$ cat upload-v1.cif   # mmCIF, C-alpha atoms (C1' of nucleotides)
data_input
loop_
_atom_site.label_atom_id
_atom_site.label_comp_id
_atom_site.auth_asym_id
_atom_site.auth_seq_id
_atom_site.Cartn_x
_atom_site.Cartn_y
_atom_site.Cartn_z
CA MET N 1 82.92 42.25 85.66
CA ALA N 2 83.81 42.69 89.27
CA ILE N 3 81.52 40.71 91.54
CA SER N 4 78.18 39.82 90.03
CA LYS N 5 75.05 41.08 91.73
CA LYS N 6 72.69 38.78 89.89
CA ASP N 7 71.66 36.89 92.99
CA GLU N 8 70.12 40.06 94.36
CA PHE N 9 67.23 39.58 91.96
CA THR N 10 64.31 37.15 91.83
CA SER N 11 64.73 33.79 90.18
CA GLU N 12 62.04 34.77 87.70
CA GLU N 13 64.01 37.85 86.71
CA ILE N 14 67.19 35.83 86.44
CA TRP N 15 65.57 33.14 84.35
CA LEU N 16 64.00 35.68 82.02
CA SER N 17 67.32 37.46 81.62
CA ASP N 18 68.98 34.13 80.85
CA VAL N 19 66.44 33.42 78.13
CA ALA N 20 67.00 36.91 76.75
CA LYS N 21 70.73 36.35 76.80
CA ALA N 22 70.26 33.18 74.78
CA LEU N 23 68.46 35.28 72.18
CA SER N 24 70.99 38.09 72.31
CA HIS N 25 73.07 37.00 69.34
CA PRO N 26 71.77 36.98 65.76
CA ALA N 27 73.39 33.63 65.08
CA ARG N 28 71.34 32.02 67.82
CA ILE N 29 68.13 33.55 66.52
CA ARG N 30 69.04 32.25 63.09
CA ILE N 31 69.73 28.81 64.52
CA LEU N 32 66.27 28.68 66.06
CA LYS N 33 64.75 29.59 62.70
CA ILE N 34 66.81 26.94 60.96
CA LEU N 35 65.82 24.27 63.43
CA ASN N 36 62.22 25.24 62.90
CA GLU N 37 62.41 25.01 59.13
CA MET N 38 64.50 21.88 58.75
CA ASN N 39 63.41 18.37 59.37
CA SER N 40 67.00 17.22 59.42
CA CYS N 41 68.77 19.06 62.20
CA MET N 42 72.25 17.70 62.46
CA VAL N 43 74.98 20.12 63.38
CA GLY N 44 76.74 19.92 60.03
CA SER N 45 73.67 21.22 58.21
CA ILE N 46 73.42 24.13 60.59
CA VAL N 47 77.09 24.96 60.17
CA ASP N 48 76.62 24.96 56.38
CA LYS N 49 73.90 27.57 56.71
CA LEU N 50 75.91 29.91 58.93
CA PRO N 51 78.96 32.08 58.29
CA LEU N 52 80.67 30.63 61.36
CA ALA N 53 83.13 27.89 62.11
CA GLN N 54 81.96 24.55 63.44
CA ALA N 55 83.42 25.20 66.88
CA THR N 56 81.61 28.50 67.13
CA VAL N 57 78.28 27.01 66.10
CA SER N 58 78.76 24.26 68.65
CA GLN N 59 79.23 26.89 71.32
CA HIS N 60 76.04 28.70 70.30
CA LEU N 61 74.13 25.42 70.37
CA LYS N 62 75.45 24.78 73.84
CA GLU N 63 74.09 28.09 75.09
CA LEU N 64 70.69 27.53 73.57
CA LYS N 65 70.62 24.08 75.15
CA LYS N 66 71.74 25.46 78.51
CA VAL N 67 68.54 27.50 78.88
CA GLY N 68 66.48 24.71 77.37
CA LEU N 69 65.33 26.38 74.16
CA ILE N 70 66.64 23.42 72.17
CA GLU N 71 67.51 19.83 72.88
CA GLY N 72 69.81 17.38 71.20
CA GLU N 73 69.37 13.69 70.86
CA ILE N 74 71.98 11.25 69.68
CA ASP N 75 71.29 9.71 66.29
CA GLY N 76 74.08 7.33 65.47
CA PRO N 77 77.29 9.24 65.00
CA LYS N 78 75.38 12.49 64.55
CA ILE N 79 73.38 14.58 66.96
CA CYS N 80 69.95 15.82 66.05
CA TYR N 81 69.01 19.16 67.53
CA CYS N 82 65.41 20.27 67.74
CA LEU N 83 63.42 23.08 69.28
CA HIS N 84 62.21 22.33 72.79
CA SER N 85 58.55 23.24 72.36
CA LYS N 86 57.63 23.11 76.00
CA ASN N 87 60.34 25.52 77.06
CA LEU N 88 59.74 27.78 74.10
CA ILE N 89 56.14 28.12 75.21
CA LYS N 90 57.31 28.82 78.73
CA ALA N 91 59.70 31.48 77.46
CA LYS N 92 57.08 33.09 75.28
CA SER N 93 54.65 33.19 78.18
CA ALA N 94 57.18 34.78 80.48
CA LEU N 95 58.03 37.42 77.91
CA ASP N 96 54.35 38.04 77.24
CA LYS N 97 53.73 38.40 80.93
CA LEU N 98 56.52 40.93 81.25
CA PHE N 99 55.37 43.04 78.34
CA THR N 100 51.74 42.80 79.38
CA LYS N 101 52.69 44.39 82.68
CA PHE N 102 53.51 47.48 80.72
CA GLY N 103 50.28 49.27 80.00
CA CYS N 104 51.12 49.65 76.38
CA CYS N 105 51.31 45.98 75.36
CA MET I 1 85.84 38.39 70.73
CA ALA I 2 87.95 38.32 67.66
CA ILE I 3 86.19 39.94 64.72
CA SER I 4 82.44 40.16 65.00
CA LYS I 5 80.31 38.39 62.41
CA LYS I 6 77.12 40.19 63.30
CA ASP I 7 76.85 41.97 59.98
CA GLU I 8 76.44 38.62 58.26
CA PHE I 9 72.87 38.52 59.55
CA THR I 10 69.70 40.41 58.64
CA SER I 11 68.96 43.75 60.23
CA GLU I 12 65.81 42.25 61.71
CA GLU I 13 67.84 39.53 63.40
CA ILE I 14 70.36 42.05 64.65
CA TRP I 15 67.70 44.36 66.00
CA LEU I 16 65.92 41.51 67.75
CA SER I 17 69.16 40.32 69.27
CA ASP I 18 69.90 43.86 70.45
CA VAL I 19 66.52 44.04 72.16
CA ALA I 20 67.17 40.66 73.75
CA LYS I 21 70.56 41.83 74.91
CA ALA I 22 68.93 44.82 76.57
CA LEU I 23 66.76 42.37 78.50
CA SER I 24 69.63 40.05 79.29
CA HIS I 25 70.40 41.41 82.75
CA PRO I 26 68.00 41.09 85.70
CA ALA I 27 68.71 44.65 86.77
CA ARG I 28 67.44 45.95 83.45
CA ILE I 29 64.29 43.86 83.67
CA ARG I 30 63.77 45.19 87.16
CA ILE I 31 64.28 48.75 85.94
CA LEU I 32 61.56 48.31 83.34
CA LYS I 33 59.21 47.05 86.04
CA ILE I 34 60.08 49.97 88.30
CA LEU I 35 59.50 52.50 85.54
CA ASN I 36 56.15 50.89 84.88
CA GLU I 37 55.04 51.05 88.51
CA MET I 38 56.32 54.47 89.45
CA ASN I 39 54.90 57.77 88.38
CA SER I 40 58.07 59.52 89.47
CA CYS I 41 60.93 58.06 87.52
CA MET I 42 64.01 60.02 88.36
CA VAL I 43 67.27 58.15 88.48
CA GLY I 44 67.76 58.57 92.22
CA SER I 45 64.54 56.71 92.97
CA ILE I 46 65.61 53.87 90.73
CA VAL I 47 69.02 53.68 92.37
CA ASP I 48 67.33 53.49 95.79
CA LYS I 49 65.37 50.45 94.64
CA LEU I 50 68.36 48.55 93.30
CA PRO I 51 71.37 46.94 94.98
CA LEU I 52 73.71 48.74 92.61
CA ALA I 53 75.78 51.89 92.62
CA GLN I 54 74.57 55.01 90.88
CA ALA I 55 77.16 54.72 88.14
CA THR I 56 76.12 51.16 87.40
CA VAL I 57 72.43 52.03 87.24
CA SER I 58 73.24 54.89 84.90
CA GLN I 59 75.02 52.44 82.62
CA HIS I 60 72.04 50.09 82.58
CA LEU I 61 69.71 53.00 81.78
CA LYS I 62 71.98 53.96 78.92
CA GLU I 63 71.71 50.51 77.40
CA LEU I 64 67.94 50.43 77.69
CA LYS I 65 67.81 53.85 76.06
CA LYS I 66 70.18 52.79 73.30
CA VAL I 67 67.70 50.23 71.96
CA GLY I 68 64.80 52.58 72.63
CA LEU I 69 62.96 50.66 75.32
CA ILE I 70 63.01 53.72 77.55
CA GLU I 71 63.42 57.42 77.05
CA GLY I 72 64.59 60.19 79.32
CA GLU I 73 63.42 63.76 79.39
CA ILE I 74 65.04 66.55 81.32
CA ASP I 75 63.00 67.82 84.25
CA GLY I 76 64.90 70.60 85.91
CA PRO I 77 68.09 69.27 87.43
CA LYS I 78 66.69 65.76 87.31
CA ILE I 79 66.00 63.43 84.44
CA CYS I 80 62.74 61.59 84.18
CA TYR I 81 62.94 58.19 82.57
CA CYS I 82 59.86 56.48 81.22
CA LEU I 83 59.00 53.41 79.21
CA HIS I 84 58.91 54.05 75.47
CA SER I 85 55.54 52.51 74.69
CA LYS I 86 55.85 52.59 70.96
CA ASN I 87 59.13 50.71 70.92
CA LEU I 88 58.00 48.29 73.60
CA ILE I 89 55.08 47.38 71.37
CA LYS I 90 57.45 46.99 68.45
CA ALA I 91 59.70 44.74 70.51
CA LYS I 92 56.83 42.65 71.75
CA SER I 93 55.54 42.22 68.21
CA ALA I 94 58.93 41.17 66.93
CA LEU I 95 59.32 38.63 69.70
CA ASP I 96 55.79 37.36 69.14
CA LYS I 97 56.49 37.02 65.46
CA LEU I 98 59.63 35.01 66.15
CA PHE I 99 57.97 32.65 68.58
CA THR I 100 54.91 32.29 66.42
CA LYS I 101 57.14 30.98 63.65
CA PHE I 102 57.79 28.02 65.88
CA GLY I 103 54.90 25.65 65.54
CA CYS I 104 54.53 25.31 69.25
CA CYS I 105 53.73 28.93 70.14
"C1'" DT Z 1 78.10 83.62 91.30
"C1'" DT Z 2 78.35 80.25 94.48
"C1'" DA Z 3 76.66 76.40 96.39
"C1'" DT Z 4 73.53 72.10 96.09
"C1'" DA Z 5 71.47 68.44 94.03
"C1'" DT Z 6 71.24 65.26 90.28
"C1'" DT Z 7 73.00 62.46 86.62
"C1'" DA Z 8 76.47 61.24 83.14
"C1'" DT Z 9 81.00 60.05 82.01
"C1'" DC Z 10 85.89 58.56 82.81
"C1'" DG Z 11 89.16 55.25 84.19
"C1'" DT Z 12 89.91 50.90 85.92
"C1'" DT Z 13 89.35 46.06 87.24
"C1'" DT Z 14 87.48 41.60 86.62
"C1'" DA Z 15 84.45 38.47 84.19
"C1'" DT Z 16 82.24 36.90 80.27
"C1'" DT Z 17 81.43 36.48 75.29
"C1'" DT Z 18 82.73 35.61 70.59
"C1'" DA Z 19 85.44 33.43 67.46
"C1'" DC Z 20 88.63 30.05 65.72
"C1'" DG Z 21 92.09 26.18 64.92
"C1'" DA Z 22 93.47 22.05 66.77
"C1'" DT Z 23 92.50 18.13 69.06
"C1'" DA Z 24 89.83 14.78 71.49
"C1'" DA Z 25 85.78 11.84 71.90
"C1'" DC Z 26 82.27 9.21 69.93
"C1'" DC Z 27 79.94 5.98 66.99
"C1'" DA Z 28 79.28 3.04 62.99
"C1'" DA Z 29 81.08 0.75 59.58
"C1'" DT Z 30 84.74 -1.98 57.30
"C1'" DA R 1 91.23 -3.00 65.50
"C1'" DT R 2 91.22 0.64 62.30
"C1'" DT R 3 89.20 4.04 59.60
"C1'" DG R 4 85.95 7.92 58.48
"C1'" DG R 5 82.54 10.99 59.57
"C1'" DT R 6 80.55 13.88 63.19
"C1'" DT R 7 80.45 16.84 67.18
"C1'" DA R 8 82.33 18.54 71.57
"C1'" DT R 9 85.99 20.47 74.08
"C1'" DC R 10 90.50 22.82 74.86
"C1'" DG R 11 93.35 26.65 74.48
"C1'" DT R 12 93.76 31.15 73.10
"C1'" DA R 13 93.03 36.00 71.55
"C1'" DA R 14 90.35 39.93 71.29
"C1'" DA R 15 86.13 42.33 72.33
"C1'" DT R 16 82.49 43.49 75.29
"C1'" DA R 17 80.02 43.69 79.71
"C1'" DA R 18 79.51 44.58 84.68
"C1'" DA R 19 80.65 46.99 88.52
"C1'" DC R 20 82.46 50.86 91.08
"C1'" DG R 21 84.75 55.25 92.84
"C1'" DA R 22 85.88 59.61 91.41
"C1'" DT R 23 85.02 63.34 88.75
"C1'" DA R 24 82.71 66.24 85.38
"C1'" DA R 25 78.59 68.31 83.69
"C1'" DT R 26 74.12 70.32 84.26
"C1'" DA R 27 70.52 72.97 86.18
"C1'" DT R 28 68.14 75.09 90.03
"C1'" DA R 29 68.27 77.71 94.30
"C1'" DA R 30 70.26 80.80 97.40
#
$ encode --input "upload-v1.cif" --output "structure tokens"
Amino acid sequence: MAISKKDEFTSEEIWLSDVAKALSHPARIRILKILNEMNSCMVGSIVDKLPLAQATVSQHLKELKKVGLIEGEIDGPKICYCLHSKNLIKAKSALDKLFTKFGCC
Amino acid sequence: MAISKKDEFTSEEIWLSDVAKALSHPARIRILKILNEMNSCMVGSIVDKLPLAQATVSQHLKELKKVGLIEGEIDGPKICYCLHSKNLIKAKSALDKLFTKFGCC
DNA sequence: TTATATTATCGTTTATTTACGATAACCAAT
DNA sequence: ATTGGTTATCGTAAATAAACGATAATATAA
């Protein structure tokens, strides 16, 4: 993309855009919903519920984890992914704050 | 990206992910803030406030317009961009609805 | 109608994203 | 130690995104 100009913006703007990027694929939105609805949250179950290969799902999970919207803890040979409540609240607040700036919302 | 699997998801999920994608660059978040603060909203003024070339800003505006977060109306030789309140409300609601699903928010 | 100002689009380059198969790494049993 | 189940990573291909200069398109003013 040529040279990125991202560092010309505030860290708040960058963080918010990173959160938005994490939400910018329907599979990742679906994954968040799945994690919310399931008690069991191992990767295999998520893969079964998505029309994507295991490697692809793993990549999506990695991106959600990167911005902190989910976390994974080791559970024997499996890995249990869950929503990261604290960061979800933080993200929601930041989005609220942005939209509230706009008179309309 | 190989063949896209986006159409395997609901239209709600796709729309939400499109809105998120529109917000997934700090320049576009900044543009929304600028449009909210300025009464005059011609492209030139926006370009002056960003560390990006005119062509690049025009591209970002196009993407924001594509998902309906802003709209542009012709004003003589200029074009006046403004926030699209109705769609911003819709976007905020959809995001709220998503986060509210999660017990934490 | 010719110039001036404003914005969009074109063409191009580089980077990132999406998607997958194949393989590696990991852990718990046997 | 070896096997079996689980997940991450590697390598790769194709698509999209980001950025810009140059140019086209548009509309007003002269």
$ resolve_selection --input "upload-v1.cif" --expression "the PyMOL selection byres ((chain R and resi 23-25) around 10)" --output "number ranges by chain"
Z: 7-10; R: 21-22, 26-27
$ interface_residues --input "upload-v1.cif" --of "chain Z" --to "chain I" --cutoff "7 Å" --atoms "only C-alpha atoms (C1' of nucleotides)" --output "ChimeraX atom specification"
/Z:6,17-19
$ write_last_selection --input "upload-v1.cif" --atoms "C-alpha atoms (C1' of nucleotides)" --output "mmCIF file, keeping the file's coordinate frame"
data_model
loop_
_atom_site.group_PDB
_atom_site.id
_atom_site.type_symbol
_atom_site.label_atom_id
_atom_site.label_comp_id
_atom_site.auth_asym_id
_atom_site.auth_seq_id
_atom_site.Cartn_x
_atom_site.Cartn_y
_atom_site.Cartn_z
ATOM 1 C "C1'" DT Z 6 71.240 65.260 90.280
ATOM 2 C "C1'" DT Z 17 81.430 36.480 75.290
ATOM 3 C "C1'" DT Z 18 82.730 35.610 70.590
ATOM 4 C "C1'" DA Z 19 85.440 33.430 67.460
#
$ atom_distance --input "upload-v1.cif" --atom1 "CA of Lys90 in chain I" --atom2 "CA of Thr10 in chain N"
26.3 Å
$ atom_distance --input "upload-v1.cif" --atom1 "C1' of DT7 in chain R" --atom2 "CA of Leu16 in chain N"
29.1 Å
$ atom_distance --input "upload-v1.cif" --atom1 "CA of Thr100 in chain N" --atom2 "CA of Ala22 in chain N"
21.4 Å
$ interface_residues --input "upload-v1.cif" --of "chain R" --to "chain N" --cutoff "12 Å" --atoms "all atoms listed in the file" --output "list of chain:residue names"
R:DG4, R:DG5, R:DT6, R:DT7, R:DA8, R:DT9, R:DC10, R:DT16, R:DA17, R:DA18, R:DA19, R:DC20
$ write_last_selection --input "upload-v1.cif" --atoms "C-alpha atoms (C1' of nucleotides)" --output "short mmCIF file (atom, residue, chain, number, x, y, z; two decimals), in the coordinates of the input"
data_model
loop_
_atom_site.label_atom_id
_atom_site.label_comp_id
_atom_site.auth_asym_id
_atom_site.auth_seq_id
_atom_site.Cartn_x
_atom_site.Cartn_y
_atom_site.Cartn_z
"C1'" DG R 4 85.95 7.92 58.48
"C1'" DG R 5 82.54 10.99 59.57
"C1'" DT R 6 80.55 13.88 63.19
"C1'" DT R 7 80.45 16.84 67.18
"C1'" DA R 8 82.33 18.54 71.57
"C1'" DT R 9 85.99 20.47 74.08
"C1'" DC R 10 90.50 22.82 74.86
"C1'" DT R 16 82.49 43.49 75.29
"C1'" DA R 17 80.02 43.69 79.71
"C1'" DA R 18 79.51 44.58 84.68
"C1'" DA R 19 80.65 46.99 88.52
"C1'" DC R 20 82.46 50.86 91.08
#
$ interface_residues --input "upload-v1.cif" --of "chain I" --to "chain N" --cutoff "10 Å" --atoms "all atoms listed in the file" --output "ChimeraX atom specification"
/I:5-30,32-33,35-37,50-52,83-93,95-96,98-105
$ closest_residue --input "upload-v1.cif" --among "N:Ile74, N:Ala94, N:Ile31, N:Val47" --to "DC26 in chain Z" --atoms "only C-alpha atoms (C1' of nucleotides)"
N:Ile74
$ axis_aligned_box --input "upload-v1.cif" --around "range 37-50 of chain I" --padding-each-side "6 Å" --output "AutoDock Vina command-line options"
--center_x 62.0 --center_y 54.3 --center_z 91.7 --size_x 26.1 --size_y 23.5 --size_z 20.3
$ resolve_selection --input "upload-v1.cif" --expression "the PyMOL selection byres ((chain R and resi 2) around 9)" --output "VMD selection string"
(chain Z and resid 30) or (chain R and resid 1 3)
$ build_atoms --input "upload-v1.cif" --residues "range 9-45 of chain I" --atoms "N, CA and C atoms" --output "short mmCIF file (atom, residue, chain, number, x, y, z; two decimals), in the frame of the given file"
data_model
loop_
_atom_site.label_atom_id
_atom_site.label_comp_id
_atom_site.auth_asym_id
_atom_site.auth_seq_id
_atom_site.Cartn_x
_atom_site.Cartn_y
_atom_site.Cartn_z
N PHE I 9 74.27 38.87 59.32
CA PHE I 9 72.87 38.52 59.55
C PHE I 9 71.95 39.66 59.13
N THR I 10 70.65 39.38 59.08
CA THR I 10 69.70 40.41 58.64
C THR I 10 69.55 41.49 59.72
N SER I 11 69.11 42.65 59.29
CA SER I 11 68.96 43.75 60.23
C SER I 11 67.86 43.44 61.24
N GLU I 12 66.88 42.68 60.81
CA GLU I 12 65.81 42.25 61.71
C GLU I 12 66.39 41.36 62.81
N GLU I 13 67.23 40.43 62.41
CA GLU I 13 67.84 39.53 63.40
C GLU I 13 68.75 40.30 64.35
N ILE I 14 69.46 41.26 63.80
CA ILE I 14 70.36 42.05 64.65
C ILE I 14 69.57 42.91 65.62
N TRP I 15 68.50 43.52 65.12
CA TRP I 15 67.70 44.36 66.00
C TRP I 15 67.08 43.54 67.12
N LEU I 16 66.54 42.39 66.75
CA LEU I 16 65.92 41.51 67.75
C LEU I 16 66.95 41.07 68.79
N SER I 17 68.13 40.75 68.33
CA SER I 17 69.16 40.32 69.27
C SER I 17 69.61 41.49 70.16
N ASP I 18 69.56 42.69 69.63
CA ASP I 18 69.90 43.86 70.45
C ASP I 18 68.85 44.09 71.54
N VAL I 19 67.59 43.92 71.17
CA VAL I 19 66.52 44.04 72.16
C VAL I 19 66.70 42.97 73.23
N ALA I 20 66.97 41.75 72.79
CA ALA I 20 67.17 40.66 73.75
C ALA I 20 68.36 40.95 74.66
N LYS I 21 69.40 41.51 74.09
CA LYS I 21 70.56 41.83 74.91
C LYS I 21 70.20 42.88 75.97
N ALA I 22 69.35 43.82 75.59
CA ALA I 22 68.93 44.82 76.57
C ALA I 22 68.19 44.18 77.73
N LEU I 23 67.53 43.07 77.46
CA LEU I 23 66.76 42.37 78.50
C LEU I 23 67.58 41.30 79.20
N SER I 24 68.84 41.19 78.84
CA SER I 24 69.63 40.05 79.29
C SER I 24 70.34 40.27 80.63
N HIS I 25 69.89 41.24 81.38
CA HIS I 25 70.40 41.41 82.75
C HIS I 25 69.23 41.69 83.68
N PRO I 26 69.16 40.95 84.81
CA PRO I 26 68.00 41.09 85.70
C PRO I 26 67.80 42.52 86.18
N ALA I 27 68.87 43.27 86.32
CA ALA I 27 68.71 44.65 86.77
C ALA I 27 67.92 45.46 85.75
N ARG I 28 68.15 45.17 84.47
CA ARG I 28 67.44 45.95 83.45
C ARG I 28 65.97 45.54 83.37
N ILE I 29 65.69 44.29 83.62
CA ILE I 29 64.29 43.86 83.67
C ILE I 29 63.61 44.53 84.86
N ARG I 30 64.31 44.55 85.97
CA ARG I 30 63.77 45.19 87.16
C ARG I 30 63.52 46.68 86.91
N ILE I 31 64.43 47.32 86.23
CA ILE I 31 64.28 48.75 85.94
C ILE I 31 63.02 49.00 85.12
N LEU I 32 62.77 48.16 84.14
CA LEU I 32 61.56 48.31 83.34
C LEU I 32 60.32 48.19 84.22
N LYS I 33 60.35 47.22 85.13
CA LYS I 33 59.21 47.05 86.04
C LYS I 33 59.03 48.28 86.92
N ILE I 34 60.13 48.79 87.43
CA ILE I 34 60.08 49.97 88.30
C ILE I 34 59.51 51.17 87.54
N LEU I 35 60.00 51.37 86.34
CA LEU I 35 59.50 52.50 85.54
C LEU I 35 58.01 52.35 85.27
N ASN I 36 57.56 51.11 85.16
CA ASN I 36 56.15 50.89 84.88
C ASN I 36 55.28 51.19 86.10
N GLU I 37 55.84 50.91 87.29
CA GLU I 37 55.04 51.05 88.51
C GLU I 37 55.07 52.46 89.09
N MET I 38 56.18 53.17 88.84
CA MET I 38 56.32 54.47 89.45
C MET I 38 55.76 55.56 88.56
N ASN I 39 55.24 56.58 89.16
CA ASN I 39 54.90 57.77 88.38
C ASN I 39 56.15 58.65 88.31
N SER I 40 56.77 58.84 89.47
CA SER I 40 58.07 59.52 89.47
C SER I 40 59.12 58.54 88.97
N CYS I 41 59.99 58.99 88.11
CA CYS I 41 60.93 58.06 87.52
C CYS I 41 62.32 58.65 87.43
N MET I 42 62.67 59.46 88.40
CA MET I 42 64.01 60.02 88.36
C MET I 42 65.03 58.95 88.76
N VAL I 43 66.23 59.16 88.31
CA VAL I 43 67.27 58.15 88.48
C VAL I 43 67.50 57.79 89.95
N GLY I 44 67.52 58.82 90.80
CA GLY I 44 67.76 58.57 92.22
C GLY I 44 66.82 57.55 92.81
N SER I 45 65.53 57.64 92.44
CA SER I 45 64.54 56.71 92.97
C SER I 45 64.82 55.30 92.50
#
